[in-house]
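Undergrad: The file below is input-v3.cif, mmCIF, C-alpha atoms:
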data_data
loop_
_atom_site.group_PDB
_atom_site.id
_atom_site.type_symbol
_atom_site.label_atom_id
_atom_site.label_comp_id
_atom_site.auth_asym_id
_atom_site.auth_seq_id
_atom_site.Cartn_x
_atom_site.Cartn_y
_atom_site.Cartn_z
ATOM 1 C CA MET K 300 79.072 68.319 133.821
ATOM 2 C CA LEU K 301 78.900 67.230 130.203
ATOM 3 C CA PRO K 302 75.535 66.158 128.816
ATOM 4 C CA ASP K 303 75.060 62.519 127.816
ATOM 5 C CA LEU K 304 74.947 62.046 124.097
ATOM 6 C CA ASN K 305 72.594 59.615 122.521
ATOM 7 C CA ARG K 306 72.844 58.302 118.978
ATOM 8 C CA LYS K 307 70.313 60.837 117.662
ATOM 9 C CA SER K 308 72.159 63.885 118.944
ATOM 10 C CA LEU K 309 75.465 62.482 117.671
ATOM 11 C CA ILE K 310 74.004 62.065 114.180
ATOM 12 C CA ARG K 311 72.581 65.581 114.419
ATOM 13 C CA MET K 312 76.007 66.973 115.349
ATOM 14 C CA ILE K 313 77.678 65.155 112.461
ATOM 15 C CA VAL K 314 75.041 66.360 109.968
ATOM 16 C CA VAL K 315 75.354 69.960 111.198
ATOM 17 C CA GLY K 316 79.162 69.715 110.944
ATOM 18 C CA ILE K 317 79.061 68.339 107.407
ATOM 19 C CA CYS K 318 76.461 70.913 106.292
ATOM 20 C CA ALA K 319 78.496 73.767 107.783
ATOM 21 C CA PHE K 320 81.628 72.483 106.064
ATOM 22 C CA VAL K 321 79.920 72.192 102.658
ATOM 23 C CA ILE K 322 78.104 75.534 102.942
ATOM 24 C CA PHE K 323 81.090 77.587 104.092
ATOM 25 C CA SER K 324 83.607 75.856 101.812
ATOM 26 C CA TYR K 325 81.640 75.800 98.578
ATOM 27 C CA ILE K 326 78.430 77.837 98.710
ATOM 28 C CA LEU K 327 78.912 80.820 101.023
ATOM 29 C CA ILE K 328 82.658 81.312 101.166
ATOM 30 C CA PRO K 329 83.633 83.801 103.882
ATOM 31 C CA PHE K 330 86.296 86.390 103.105
ATOM 32 C CA ARG K 331 87.851 89.491 104.598
ATOM 33 C CA ILE K 332 88.699 92.424 102.335
ATOM 34 C CA THR K 333 92.345 93.470 102.409
ATOM 35 C CA GLY K 334 93.201 96.655 100.576
ATOM 36 C CA PHE K 335 91.456 99.684 99.148
ATOM 37 C CA SER K 336 90.737 98.575 95.577
ATOM 38 C CA MET K 337 86.936 98.660 96.032
ATOM 39 C CA GLU K 338 86.669 101.839 98.127
ATOM 40 C CA PRO K 339 84.244 103.454 98.773
ATOM 41 C CA THR K 340 81.846 100.545 98.108
ATOM 42 C CA TYR K 341 83.763 98.009 100.199
ATOM 43 C CA SER K 342 86.219 99.007 102.916
ATOM 44 C CA ASP K 343 89.522 97.517 103.926
ATOM 45 C CA GLY K 344 89.019 94.989 106.718
ATOM 46 C CA SER K 345 85.310 94.405 106.105
ATOM 47 C CA PHE K 346 83.835 90.941 106.056
ATOM 48 C CA ASN K 347 81.608 89.286 103.496
ATOM 49 C CA PHE K 348 80.680 86.004 101.813
ATOM 50 C CA THR K 349 80.948 84.927 98.189
ATOM 51 C CA VAL K 350 77.698 83.388 97.013
ATOM 52 C CA THR K 351 78.978 80.833 94.515
ATOM 53 C CA PRO K 352 75.604 79.698 93.066
ATOM 54 C CA TYR K 353 74.618 83.304 92.246
ATOM 55 C CA TYR K 354 75.584 83.063 88.583
ATOM 56 C CA TRP K 355 74.035 79.629 88.238
ATOM 57 C CA ILE K 356 70.714 81.430 88.702
ATOM 58 C CA PHE K 357 71.223 85.010 87.516
ATOM 59 C CA PRO K 358 73.011 86.255 84.402
ATOM 60 C CA MET K 359 76.098 88.434 84.781
ATOM 61 C CA GLU K 360 75.253 92.075 84.340
ATOM 62 C CA ARG K 361 77.352 95.152 83.807
ATOM 63 C CA PHE K 362 78.454 96.720 87.091
ATOM 64 C CA ASP K 363 77.961 93.522 89.096
ATOM 65 C CA VAL K 364 80.546 93.143 91.844
ATOM 66 C CA VAL K 365 82.178 89.734 91.645
ATOM 67 C CA THR K 366 84.924 87.694 93.215
ATOM 68 C CA VAL K 367 87.743 86.516 90.956
ATOM 69 C CA ARG K 368 89.737 83.485 92.002
ATOM 70 C CA PHE K 369 93.411 82.714 91.625
ATOM 71 C CA SER K 370 94.421 79.047 91.945
ATOM 72 C CA GLY K 371 91.659 78.527 94.502
ATOM 73 C CA THR K 372 89.189 80.417 96.638
ATOM 74 C CA ARG K 373 91.377 81.111 99.654
ATOM 75 C CA VAL K 374 92.647 84.305 97.988
ATOM 76 C CA MET K 375 90.347 86.192 95.629
ATOM 77 C CA LEU K 376 89.966 89.619 94.094
ATOM 78 C CA LEU K 377 86.821 91.715 94.552
ATOM 79 C CA LYS K 378 86.093 93.683 91.365
ATOM 80 C CA ARG K 379 83.267 95.138 89.303
ATOM 81 C CA ILE K 380 82.378 93.874 85.827
ATOM 82 C CA VAL K 381 82.387 96.776 83.374
ATOM 83 C CA ALA K 382 82.429 95.071 79.971
ATOM 84 C CA PHE K 383 81.715 91.775 78.237
ATOM 85 C CA ALA K 384 83.238 89.825 75.354
ATOM 86 C CA GLY K 385 83.375 91.750 72.096
ATOM 87 C CA GLU K 386 83.047 95.171 73.742
ATOM 88 C CA THR K 387 85.850 97.715 73.686
ATOM 89 C CA VAL K 388 87.049 99.237 76.933
ATOM 90 C CA ALA K 389 89.139 102.353 77.418
ATOM 91 C CA PHE K 390 89.799 105.027 80.022
ATOM 92 C CA GLU K 391 89.922 108.700 79.081
ATOM 93 C CA ASN K 392 90.978 111.107 81.802
ATOM 94 C CA GLY K 393 89.689 108.705 84.427
ATOM 95 C CA TYR K 394 86.344 108.097 82.745
ATOM 96 C CA LEU K 395 85.297 104.632 81.620
ATOM 97 C CA VAL K 396 84.600 104.423 77.898
ATOM 98 C CA ILE K 397 82.732 101.378 76.586
ATOM 99 C CA ASN K 398 82.297 100.935 72.840
ATOM 100 C CA GLY K 399 83.372 104.552 72.387
ATOM 101 C CA GLN K 400 80.734 105.910 74.804
ATOM 102 C CA LYS K 401 81.652 107.590 78.070
ATOM 103 C CA THR K 402 79.869 105.538 80.745
ATOM 104 C CA ALA K 403 78.460 106.904 83.998
ATOM 105 C CA GLU K 404 79.676 105.146 87.115
ATOM 106 C CA PRO K 405 77.735 106.415 90.139
ATOM 107 C CA TYR K 406 79.783 104.276 92.550
ATOM 108 C CA ILE K 407 82.980 106.271 91.874
ATOM 109 C CA SER K 408 83.673 109.027 94.389
ATOM 110 C CA ALA K 409 86.951 110.413 93.044
ATOM 111 C CA ARG K 410 89.132 109.665 90.072
ATOM 112 C CA GLN K 411 92.645 110.166 88.825
ATOM 113 C CA PRO K 412 93.214 110.829 85.124
ATOM 114 C CA TRP K 413 93.596 107.231 83.953
ATOM 115 C CA ASN K 414 94.234 106.850 80.260
ATOM 116 C CA LEU K 415 94.102 103.484 78.598
ATOM 117 C CA ALA K 416 93.866 102.888 74.854
ATOM 118 C CA PRO K 417 90.782 100.962 73.664
ATOM 119 C CA ARG K 418 90.993 97.183 73.740
ATOM 120 C CA THR K 419 88.471 94.487 72.918
ATOM 121 C CA VAL K 420 87.385 91.994 75.536
ATOM 122 C CA LYS K 421 88.169 88.464 74.358
ATOM 123 C CA GLU K 422 85.613 85.708 73.938
ATOM 124 C CA GLY K 423 84.879 83.971 77.240
ATOM 125 C CA HIS K 424 86.215 86.920 79.248
ATOM 126 C CA VAL K 425 84.826 89.857 81.205
ATOM 127 C CA TYR K 426 86.566 93.130 81.988
ATOM 128 C CA VAL K 427 86.771 93.917 85.703
ATOM 129 C CA VAL K 428 87.913 97.036 87.545
ATOM 130 C CA GLY K 429 87.893 98.125 91.178
ATOM 131 C CA ASP K 430 85.840 101.124 92.322
ATOM 132 C CA ASN K 431 88.803 103.011 93.731
ATOM 133 C CA ARG K 432 89.993 105.109 90.804
ATOM 134 C CA ASN K 433 91.610 107.654 93.092
ATOM 135 C CA VAL K 434 94.942 105.839 92.799
ATOM 136 C CA PRO K 435 97.505 105.783 89.985
ATOM 137 C CA MET K 436 96.427 103.399 87.243
ATOM 138 C CA LYS K 437 99.605 101.331 87.423
ATOM 139 C CA THR K 438 99.004 100.464 91.075
ATOM 140 C CA HIS K 439 95.448 99.227 90.494
ATOM 141 C CA ASP K 440 94.861 95.624 89.397
ATOM 142 C CA PHE K 441 92.247 95.464 86.672
ATOM 143 C CA GLY K 442 91.730 93.917 83.270
ATOM 144 C CA GLN K 443 90.043 91.083 81.464
ATOM 145 C CA THR K 444 89.738 87.719 83.079
ATOM 146 C CA PRO K 445 88.245 84.407 81.930
ATOM 147 C CA ILE K 446 84.640 83.934 83.045
ATOM 148 C CA HIS K 447 85.561 80.630 84.695
ATOM 149 C CA ARG K 448 87.569 82.626 87.245
ATOM 150 C CA ILE K 449 84.439 84.407 88.481
ATOM 151 C CA THR K 450 83.516 82.496 91.611
ATOM 152 C CA GLY K 451 80.386 84.376 92.571
ATOM 153 C CA ALA K 452 78.961 87.587 93.959
ATOM 154 C CA PRO K 453 79.362 89.076 97.437
ATOM 155 C CA LEU K 454 76.396 88.469 99.739
ATOM 156 C CA TRP K 455 76.018 92.209 100.485
ATOM 157 C CA MET L 139 73.896 55.375 124.973
ATOM 158 C CA VAL L 140 77.193 57.088 124.291
ATOM 159 C CA ASN L 141 78.862 59.035 127.045
ATOM 160 C CA ALA L 142 80.239 62.515 126.247
ATOM 161 C CA LYS L 143 83.581 61.581 127.804
ATOM 162 C CA GLN L 144 83.847 58.599 125.462
ATOM 163 C CA VAL L 145 83.164 60.855 122.473
ATOM 164 C CA ILE L 146 85.836 63.347 123.571
ATOM 165 C CA PHE L 147 88.305 60.521 124.187
ATOM 166 C CA ALA L 148 87.597 59.066 120.729
ATOM 167 C CA ALA L 149 88.008 62.513 119.142
ATOM 168 C CA ILE L 150 91.377 63.020 120.880
ATOM 169 C CA VAL L 151 92.593 59.580 119.770
ATOM 170 C CA ALA L 152 91.430 60.254 116.194
ATOM 171 C CA ALA L 153 93.140 63.675 116.139
ATOM 172 C CA GLY L 154 96.349 62.115 117.471
ATOM 173 C CA ALA L 155 96.231 59.362 114.844
ATOM 174 C CA ILE L 156 95.691 61.904 112.048
ATOM 175 C CA PHE L 157 98.529 64.068 113.380
ATOM 176 C CA ALA L 158 100.876 61.055 113.581
ATOM 177 C CA PHE L 159 99.899 59.956 110.088
ATOM 178 C CA PHE L 160 100.752 63.352 108.618
ATOM 179 C CA MET L 161 103.962 63.601 110.659
ATOM 180 C CA PHE L 162 105.380 60.212 109.699
ATOM 181 C CA PHE L 163 103.776 59.300 106.381
ATOM 182 C CA GLN L 164 103.824 62.511 104.393
ATOM 183 C CA GLY L 165 102.827 62.125 100.805
ATOM 184 C CA ASP L 166 104.477 64.048 98.004
ATOM 185 C CA GLU L 167 101.793 66.720 98.074
ATOM 186 C CA ALA L 168 102.417 67.419 101.753
ATOM 187 C CA LYS L 169 106.183 67.464 101.182
ATOM 188 C CA ILE L 170 105.858 69.981 98.365
ATOM 189 C CA LYS L 171 103.549 72.172 100.436
ATOM 190 C CA LYS L 172 106.077 72.035 103.262
ATOM 191 C CA LYS L 173 108.801 73.084 100.815
ATOM 192 C CA PHE L 174 106.879 76.198 99.796
ATOM 193 C CA HIS L 175 106.034 77.059 103.387
ATOM 194 C CA ALA L 176 109.735 76.741 104.235
ATOM 195 C CA LEU L 177 110.548 79.014 101.306
ATOM 196 C CA ALA L 178 108.057 81.584 102.616
ATOM 197 C CA GLU L 179 109.545 81.318 106.093
ATOM 198 C CA GLN L 180 113.073 81.952 104.796
ATOM 199 C CA ALA L 181 111.890 84.882 102.670
ATOM 200 C CA GLU L 182 110.258 86.614 105.643
ATOM 201 C CA LYS L 183 111.868 89.656 107.167
ATOM 202 C CA ASP L 184 110.919 91.949 110.036
ATOM 203 C CA GLY L 185 113.133 95.018 110.280
ATOM 204 C CA ASN L 186 116.888 95.123 109.995
ATOM 205 C CA GLU L 187 118.705 91.826 109.955
ATOM 206 C CA HIS L 188 122.377 90.988 110.192
ATOM 207 C CA ASP L 189 124.213 90.381 106.911
ATOM 208 C CA LEU L 190 125.114 86.877 108.028
ATOM 209 C CA ILE L 191 121.486 86.005 108.693
ATOM 210 C CA ALA L 192 120.476 87.457 105.312
ATOM 211 C CA ALA L 193 123.212 85.403 103.614
ATOM 212 C CA LYS L 194 122.139 82.241 105.431
ATOM 213 C CA LYS L 195 118.501 82.739 104.421
ATOM 214 C CA ALA L 196 119.500 83.370 100.791
ATOM 215 C CA HIS L 197 121.608 80.213 100.855
ATOM 216 C CA LEU L 198 118.748 78.153 102.312
ATOM 217 C CA ILE L 199 116.394 79.478 99.621
ATOM 218 C CA GLU L 200 118.952 78.574 96.956
ATOM 219 C CA GLN L 201 119.055 75.004 98.295
ATOM 220 C CA MET L 202 115.350 74.650 97.517
ATOM 221 C CA PHE L 203 116.022 74.983 93.791
ATOM 222 C CA PHE L 204 117.727 72.605 91.373
ATOM 223 C CA GLY L 205 119.626 72.816 88.098
ATOM 224 C CA THR L 206 118.888 75.598 85.667
ATOM 225 C CA VAL L 207 115.899 77.445 87.013
ATOM 226 C CA ARG L 208 113.409 79.082 84.688
ATOM 227 C CA ILE L 209 111.606 82.154 86.027
ATOM 228 C CA GLU L 210 108.817 83.704 83.963
ATOM 229 C CA ILE L 211 106.687 86.514 85.369
ATOM 230 C CA PRO L 212 104.986 88.296 82.445
ATOM 231 C CA SER L 213 103.487 91.086 84.575
ATOM 232 C CA HIS L 214 107.004 92.089 85.681
ATOM 233 C CA GLU L 215 108.581 91.373 82.279
ATOM 234 C CA ILE L 216 110.835 88.741 83.799
ATOM 235 C CA ASN L 217 111.687 85.827 81.551
ATOM 236 C CA ARG L 218 115.004 84.174 82.152
ATOM 237 C CA SER L 219 116.840 81.021 83.110
ATOM 238 C CA PHE L 220 119.797 80.886 85.404
ATOM 239 C CA PRO L 221 121.786 78.308 87.321
ATOM 240 C CA ARG L 222 120.714 77.589 90.880
ATOM 241 C CA THR L 223 123.978 79.071 92.186
ATOM 242 C CA ASN L 224 122.913 82.502 90.914
ATOM 243 C CA ILE L 225 119.764 82.515 93.019
ATOM 244 C CA SER L 226 121.435 83.478 96.268
ATOM 245 C CA PRO L 227 122.720 86.917 95.081
ATOM 246 C CA HIS L 228 119.311 87.691 93.548
ATOM 247 C CA VAL L 229 117.554 86.790 96.790
ATOM 248 C CA LEU L 230 120.013 88.890 98.819
ATOM 249 C CA TYR L 231 119.451 91.879 96.531
ATOM 250 C CA ALA L 232 115.661 91.503 96.482
ATOM 251 C CA ARG L 233 115.307 91.082 100.258
ATOM 252 C CA ALA L 234 117.645 94.031 100.956
ATOM 253 C CA ARG L 235 115.168 96.387 99.253
ATOM 254 C CA TYR L 236 112.527 95.729 101.898
ATOM 255 C CA GLN L 237 112.258 96.442 105.618
ATOM 256 C CA LYS L 238 109.519 93.886 106.074
ATOM 257 C CA ILE L 239 108.518 90.897 104.009
ATOM 258 C CA SER L 240 105.700 88.453 104.531
ATOM 259 C CA LEU L 241 105.117 85.722 101.974
ATOM 260 C CA GLU L 242 102.331 83.156 101.982
ATOM 261 C CA PHE L 243 101.346 80.389 99.599
ATOM 262 C CA HIS L 244 97.777 79.113 99.274
ATOM 263 C CA ASP L 245 95.483 76.977 97.150
ATOM 264 C CA PHE L 246 97.917 74.335 95.943
ATOM 265 C CA GLN L 247 96.882 72.192 92.990
ATOM 266 C CA PHE L 248 99.117 69.270 92.134
ATOM 267 C CA GLU L 249 99.895 67.331 89.002
ATOM 268 C CA PHE L 250 102.481 64.601 88.701
ATOM 269 C CA PRO L 251 103.161 64.361 84.939
ATOM 270 C CA ALA L 252 105.977 61.820 85.354
ATOM 271 C CA GLU L 253 107.743 59.930 88.082
ATOM 272 C CA LYS L 254 109.673 62.322 90.333
ATOM 273 C CA LYS L 255 108.267 65.336 88.545
ATOM 274 C CA ALA L 256 105.531 67.661 89.744
ATOM 275 C CA THR L 257 103.718 70.729 88.517
ATOM 276 C CA VAL L 258 102.086 72.829 91.192
ATOM 277 C CA THR L 259 99.687 75.711 90.665
ATOM 278 C CA LEU L 260 99.490 77.968 93.687
ATOM 279 C CA THR L 261 98.736 81.496 94.822
ATOM 280 C CA GLY L 262 101.504 83.596 96.342
ATOM 281 C CA VAL L 263 100.692 86.615 98.512
ATOM 282 C CA LEU L 264 103.521 89.042 99.154
ATOM 283 C CA ASP L 265 103.098 91.764 101.756
ATOM 284 C CA ALA L 266 106.134 93.981 102.048
ATOM 285 C CA VAL L 267 107.315 97.392 103.181
ATOM 286 C CA THR L 268 110.063 98.971 101.105
ATOM 287 C CA GLY L 269 113.088 100.782 102.524
ATOM 288 C CA SER L 270 111.247 104.084 101.964
ATOM 289 C CA GLY L 271 108.195 102.862 103.906
ATOM 290 C CA GLU L 272 105.916 102.142 100.953
ATOM 291 C CA ARG L 273 103.605 99.180 101.511
ATOM 292 C CA ILE L 274 103.373 96.651 98.713
ATOM 293 C CA ARG L 275 100.834 93.866 98.437
ATOM 294 C CA GLU L 276 101.046 91.585 95.430
ATOM 295 C CA ILE L 277 99.083 88.465 94.655
ATOM 296 C CA HIS L 278 100.155 86.123 91.901
ATOM 297 C CA GLU L 279 99.000 82.795 90.632
ATOM 298 C CA MET L 280 102.062 80.756 89.786
ATOM 299 C CA VAL L 281 102.874 77.463 88.168
ATOM 300 C CA SER L 282 105.958 75.840 89.572
ATOM 301 C CA THR L 283 107.772 72.759 88.307
ATOM 302 C CA LEU L 284 109.629 70.520 90.726
ATOM 303 C CA GLU L 285 111.831 67.446 90.558
ATOM 304 C CA LYS L 286 112.466 64.903 93.250
ATOM 305 C CA ILE L 287 116.226 64.719 93.768
ATOM 306 C CA ASP L 288 117.580 62.257 96.352
ATOM 307 C CA GLY L 289 114.139 62.023 97.943
ATOM 308 C CA GLU L 290 113.681 65.770 98.190
ATOM 309 C CA TRP L 291 111.497 67.972 96.038
ATOM 310 C CA ARG L 292 113.391 70.884 94.464
ATOM 311 C CA ILE L 293 111.984 73.741 92.419
ATOM 312 C CA THR L 294 113.140 73.886 88.776
ATOM 313 C CA GLY L 295 110.923 76.628 87.435
ATOM 314 C CA VAL L 296 108.362 79.255 88.346
ATOM 315 C CA SER L 297 106.052 81.041 85.939
ATOM 316 C CA GLY L 298 103.442 83.656 86.723
ATOM 317 C CA VAL L 299 99.885 83.432 85.401
ATOM 318 C CA ASP L 300 98.143 86.628 84.287
ATOM 319 C CA VAL L 301 94.761 86.508 86.000
ATOM 320 C CA LEU L 302 93.929 90.036 84.844
ATOM 321 C CA GLU L 303 95.111 91.264 81.489
ATOM 322 C CA LYS L 304 94.927 95.028 81.057
#
Would you mind writing the structure in this file as structure tokens?

TA:
Amino acid sequence: MLPDLNRKSLIRMIVVGICAFVIFSYILIPFRITGFSMEPTYSDGSFNFTVTPYYWIFPMERFDVVTVRFSGTRVMLLKRIVAFAGETVAFENGYLVINGQKTAEPYISARQPWNLAPRTVKEGHVYVVGDNRNVPMKTHDFGQTPIHRITGAPLW
Amino acid sequence: MVNAKQVIFAAIVAAGAIFAFFMFFQGDEAKIKKKFHALAEQAEKDGNEHDLIAAKKAHLIEQMFFGTVRIEIPSHEINRSFPRTNISPHVLYARARYQKISLEFHDFQFEFPAEKKATVTLTGVLDAVTGSGERIREIHEMVSTLEKIDGEWRITGVSGVDVLEK
């Protein structure tokens, strides 16, 4: 038997529905990881949320993991910020080189000998790369992207 | 006091009304979305298919385009225009390279710069398995131009957007 609904519980249901819609559409956007670009930090098939207000509160820092949007937030990329505007980025034998300095990346478990000539990150952009460097460079999506495409940070 | 049965009945009626509205009074945005979903459906492939079916699908995809079609995908160094009638052989060739193809379009953003003209920004997700068994997953943001010809939206151009620039 269904419970009787009074006006108060109806309003409560509507408020909960609207809050859930707003939270999970705009603030904590759920996503499932497809692919191996962020191995070993994030695994294929794992589940997470993008916290969109994160960068309203905290500044972007090097090595932050972020979500990068395409034309919307239904499909996004999960990548790690490695450089900011004005910095030069290169890869030498698989090692990340920022402003001419080889940079330690403790989150990398294995690497292939990527080689990429130095390039400067444009104004209003950040340079993002996945953690899985144990794949040929040409098969890995990375590069500079406008900051406005960064939608937030993963919840965990 | 509102009875739960009354609420459920009202919800069913509302859902039916919304469904009927979208079925019978589709706006241009819904029609364009439907066009891309139909394109994705025709592009799909699951294992071997008969040549006649492949030809029919290529023909149906060709019908979704109009005039001289401009295709620009910088990441694949594609930048060319060709008449709609040349699309079918390209589609046949491209689909023949894969055993399996799954194509999805998401996150549509619409602009209507002039009457019977539309510009749509969308995200395409291609999941495919090549003839040699290699799995390919590509995601592209695209900007597509469309024109409304005889009441039907047809694609006149597609250009890729570089979200990441190496």

Undergrad: Find the spatial neighbours of Thr340 in chain K, counting all atoms listed in the file, within a cut-off of 10 Å - ignore same-chain residues fewer than 4 positions away - and output them as number ranges by chain.

TA: K: 335-336, 364, 406-408, 429-431

Undergrad: Can you spit out the residues from that selection as an mmCIF file, keeping the file's coordinate frame, using C-alpha atoms?

TA:
data_model
loop_
_atom_site.group_PDB
_atom_site.id
_atom_site.type_symbol
_atom_site.label_atom_id
_atom_site.label_comp_id
_atom_site.auth_asym_id
_atom_site.auth_seq_id
_atom_site.Cartn_x
_atom_site.Cartn_y
_atom_site.Cartn_z
ATOM 1 C CA PHE K 335 91.456 99.684 99.148
ATOM 2 C CA SER K 336 90.737 98.575 95.577
ATOM 3 C CA VAL K 364 80.546 93.143 91.844
ATOM 4 C CA TYR K 406 79.783 104.276 92.550
ATOM 5 C CA ILE K 407 82.980 106.271 91.874
ATOM 6 C CA SER K 408 83.673 109.027 94.389
ATOM 7 C CA GLY K 429 87.893 98.125 91.178
ATOM 8 C CA ASP K 430 85.840 101.124 92.322
ATOM 9 C CA ASN K 431 88.803 103.011 93.731
#

Undergrad: Rounded to one decimal, what separation in Å do you get between CA of Glu338 in chain K and CA of Arg432 in chain K?

TA: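 Going from CA of Glu338 in chain K over to CA of Arg432 in chain K, I get 8.7 Å.
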
Undergrad: Define the interface residues of chain L facing chain K as those within 8 Å, counting all atoms listed in the file, and report them as a list in words.

TA: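 Listing them in order of chain and number gives Met139, Val140, Asn141, Ala142, Lys143, His244, Asp245, Phe246, Gln247, Thr259, Leu260, Thr261, His278, Glu279, Val301, Leu302, Glu303 and Lys304 of chain L.
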
Undergrad: Separation of CA of His214 in chain L and CA of Lys437 in chain K, in Å?

TA: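 These atoms are spaced 12.0 Å apart.
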
Undergrad: Which one of K:Glu422, K:Gly385, K:Thr366, K:Glu391 sits closest to Met337 in chain K if you count only C-alpha atoms?

TA: K:Thr366

Undergrad: Using CA of Thr257 in chain L and CA of Gln180 in chain L as the two end points, give the distance in Å to one decimal.

TA: 21.9 Å

Undergrad: Please evaluate the PyMOL selection byres ((chain K and resi 402) around 12) against the structure above and give the resulting residues as a list of chain:residue names.

TA: K:Arg361, K:Phe362, K:Val381, K:Ala382, K:Val388, K:Ala389, K:Phe390, K:Glu391, K:Gly393, K:Tyr394, K:Leu395, K:Val396, K:Ile397, K:Asn398, K:Gly399, K:Gln400, K:Lys401, K:Ala403, K:Glu404, K:Pro405, K:Tyr406, K:Ile407

Undergrad: Check what the PyMOL selection byres ((chain L and resi 236) around 7) selects in the file above and give those residues as a PyMOL selection string.

TA: chain L and resi 233-235+237-239+266-269

Undergrad: Residues picked by the PyMOL selection byres ((chain K and resi 452) around 8) here, as a list in words?

TA: Thr349, Val350, Thr351, Tyr353, Tyr354, Asp363, Val364, Val365, Thr366, Thr450, Gly451, Pro453 and Leu454 of chain K

Undergrad: Neighbours of range 280-287 of chain L within 10 Å (only C-alpha atoms; same-chain residues fewer than 3 positions away dropped), as a PyMOL selection string?

TA: (chain K and resi 369-370) or (chain L and resi 166+170+202-205+207-211+243+246-250+252-262+277+290-300)

Undergrad: How about saving the chosen residues, C-alpha atoms kept, as a compact mmCIF listing (two decimals), in the frame of the given file?

TA:
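This is the output file selection_13.txt:
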# COMPACT_ATOMS: atom_id res chain seq x y z
CA PHE K 369 93.41 82.71 91.62
CA SER K 370 94.42 79.05 91.94
CA ASP L 166 104.48 64.05 98.00
CA ILE L 170 105.86 69.98 98.36
CA MET L 202 115.35 74.65 97.52
CA PHE L 203 116.02 74.98 93.79
CA PHE L 204 117.73 72.60 91.37
CA GLY L 205 119.63 72.82 88.10
CA VAL L 207 115.90 77.44 87.01
CA ARG L 208 113.41 79.08 84.69
CA ILE L 209 111.61 82.15 86.03
CA GLU L 210 108.82 83.70 83.96
CA ILE L 211 106.69 86.51 85.37
CA PHE L 243 101.35 80.39 99.60
CA PHE L 246 97.92 74.33 95.94
CA GLN L 247 96.88 72.19 92.99
CA PHE L 248 99.12 69.27 92.13
CA GLU L 249 99.90 67.33 89.00
CA PHE L 250 102.48 64.60 88.70
CA ALA L 252 105.98 61.82 85.35
CA GLU L 253 107.74 59.93 88.08
CA LYS L 254 109.67 62.32 90.33
CA LYS L 255 108.27 65.34 88.54
CA ALA L 256 105.53 67.66 89.74
CA THR L 257 103.72 70.73 88.52
CA VAL L 258 102.09 72.83 91.19
CA THR L 259 99.69 75.71 90.66
CA LEU L 260 99.49 77.97 93.69
CA THR L 261 98.74 81.50 94.82
CA GLY L 262 101.50 83.60 96.34
CA ILE L 277 99.08 88.46 94.66
CA GLU L 290 113.68 65.77 98.19
CA TRP L 291 111.50 67.97 96.04
CA ARG L 292 113.39 70.88 94.46
CA ILE L 293 111.98 73.74 92.42
CA THR L 294 113.14 73.89 88.78
CA GLY L 295 110.92 76.63 87.44
CA VAL L 296 108.36 79.26 88.35
CA SER L 297 106.05 81.04 85.94
CA GLY L 298 103.44 83.66 86.72
CA VAL L 299 99.88 83.43 85.40
CA ASP L 300 98.14 86.63 84.29

Undergrad: Smallest atom-to-atom distance to Pro417 in chain K: which of K:Thr387, K:Asn433, K:Ser308, K:Ile328, using all atoms listed in the file?

TA: K:Thr387
